[in-house]
Structure formats: C-alpha cells, structure tokens
Amino acid sequence: MKYLVALFTLISTNTFALDFQIVDSCSKSPVFSTVVTDSYETVGELSLGTLEKNSIQNLSSQFGISQMLNSPLGIDAMEVLSDTVMRSHGWCYSVDGEVPELLMNEFTLTGEEKVITWFMGYSTYIGNMQTGEAVWEGQCIPSNSLPQAPFPELCE
C-alpha cells in the first residue's frame with residue numbers, strides 16, 4: 001500500500017504542465033511557446049521565471065510586463081489616429097483564453113491552468129474637444145486583431 005501512495009505522490013507532483021505563449025502584434029500565432037513543468041504560485045512568478053529561463057528580453061516587475069521582444073514602450077506604444085482618438089498598446093495576459101482583471105502577481109495558480117498567453121493588447125482613448133471629457137474604450141483587445149499591424153516595422 002505504501003508503494004501505491006508513493007507512486008501516486010510521484011505521479012501527481014510531476015503532472016503539472018502548462019503551455020506558456022507569447023503572441024506579438026504581427027501575428028495570431030505564438031512567436032514563442034514552451035511547456036512549463038515547474039510549480040509557481042502566481043502568473044507573475046511563472047512569467048518572470050519563464051522569461052528569465054529562456055533569455056527573453058523584457059522590462060518587467062512583479063506587477064506586470066512593460067516590454068518584451070523589443071516591443072514599443074511608453075509614447076512609442078501609442079498610435080495617434082486623430083486629434084481626439086488614440087490607441088495605447090501594452091502587454092496583457094490570458095489564462096485559458098480569459099483575460100483576468102488582476103495584475104500578474106495577484107492571479108494565483110491552482111495547477112488546473114492549461115495555457116498562459118502574453119499578447120500585445122490595446123485600449124482606445126476617445127476625447128471630446130467640445131466638453132473636454134474623455135473615455136477609454138476596451139481593455140486588452142488583441143493588437144493583432146486590427147486590420148493593419150500597429151507597428152509594421154516590427155513585423156519584418
């Protein structure tokens with residue numbers, strides 16, 4: 001009986017595996033993908049550990065990722081579409097296809113997750129010049145869903 005318990009323990013501790021993907025603004029297919037078998041407490045720990053282990057260029061903190069794979073950053077990540085409309089692009093993550101409303105260090109992993117995907121997403125700023133009011137529309141809409149890549153120079 002103790003051999004069955006030992007075997008079950010060995011199998012259950014080694015079966016954690018999930019796909020970790022990075023999708024940029026140029027394609028719907030991952031530009032990087034790996035299987036993670038190490039155990040992590042949060043999406044943040046998993047992401048930072050995986051990026052470091054695979055020597056992927058990034059600027060990040062425990063709260064989020066500002067830049068990956070030499071993507072645009074800050075004002076360079078903004079698209080001015082008109083005097084009153086712009087898009088702001090940045091890195092977002094999804095867990096099994098759902099975008100949580102949590103910073104990456106706040107999302108606790110249960111071990112049931114199958115896919116963590118980091119993708120370039122955007123939000124649209126719309127201002128009203130007459131009233132001075134403004135609104136941000138959308139959050140983490142995949143940048144690769146736009147009809148034209150927002151940063152074509154990165155797609156070559």
# chains A, B, ... in the order shown; residues from 1 in each chain; ligands from 1
>>> residues_around(residues="Gln139 (chain A)", least_positions_apart="6", cutoff="8 Å", atoms="only C-alpha atoms", output="ChimeraX atom specification")
/A:121-123
>>> write_last_selection(atoms="N, CA and C atoms", output="PDB file, in the first residue's frame")
ATOM      1  N   GLY A 121      -1.841  44.023 -26.422  1.00  0.00           N
ATOM      2  CA  GLY A 121      -3.239  44.445 -26.457  1.00  0.00           C
ATOM      3  C   GLY A 121      -3.332  45.960 -26.455  1.00  0.00           C
ATOM      4  N   TYR A 122      -4.533  46.460 -26.680  1.00  0.00           N
ATOM      5  CA  TYR A 122      -4.699  47.911 -26.711  1.00  0.00           C
ATOM      6  C   TYR A 122      -6.004  48.348 -26.065  1.00  0.00           C
ATOM      7  N   SER A 123      -6.044  49.629 -25.763  1.00  0.00           N
ATOM      8  CA  SER A 123      -7.236  50.329 -25.309  1.00  0.00           C
ATOM      9  C   SER A 123      -7.308  51.618 -26.133  1.00  0.00           C
TER      10      SER A 123
END
>>> select_by_dssp(residues="chain A", states="strand (DSSP E)", output="PyMOL selection string")
chain A and resi 18-23+32-36+58-60+65-68+78-80+85-95+115-127+134-142
>>> residues_around(residues="Glu137 (chain A)", least_positions_apart="3", cutoff="9 Å", atoms="only C-alpha atoms", output="ChimeraX atom specification")
/A:123-126
>>> closest_residue(among="A:Thr117, A:Thr131, A:Ser39, A:Thr110", to="Thr84 (chain A)", atoms="only C-alpha atoms")
A:Thr131
>>> residues_around(residues="Phe107 (chain A)", least_positions_apart="6", cutoff="12 Å", atoms="only C-alpha atoms", output="list in words")
Tyr40, Glu41, Thr42, Val43, Gly44, Glu45, Leu46, Ser47, Gln62, Phe63, Gly64, Tyr93, Ser94, Val95, Val99, Pro100, Glu101, Glu113 and Ile116 of chain A
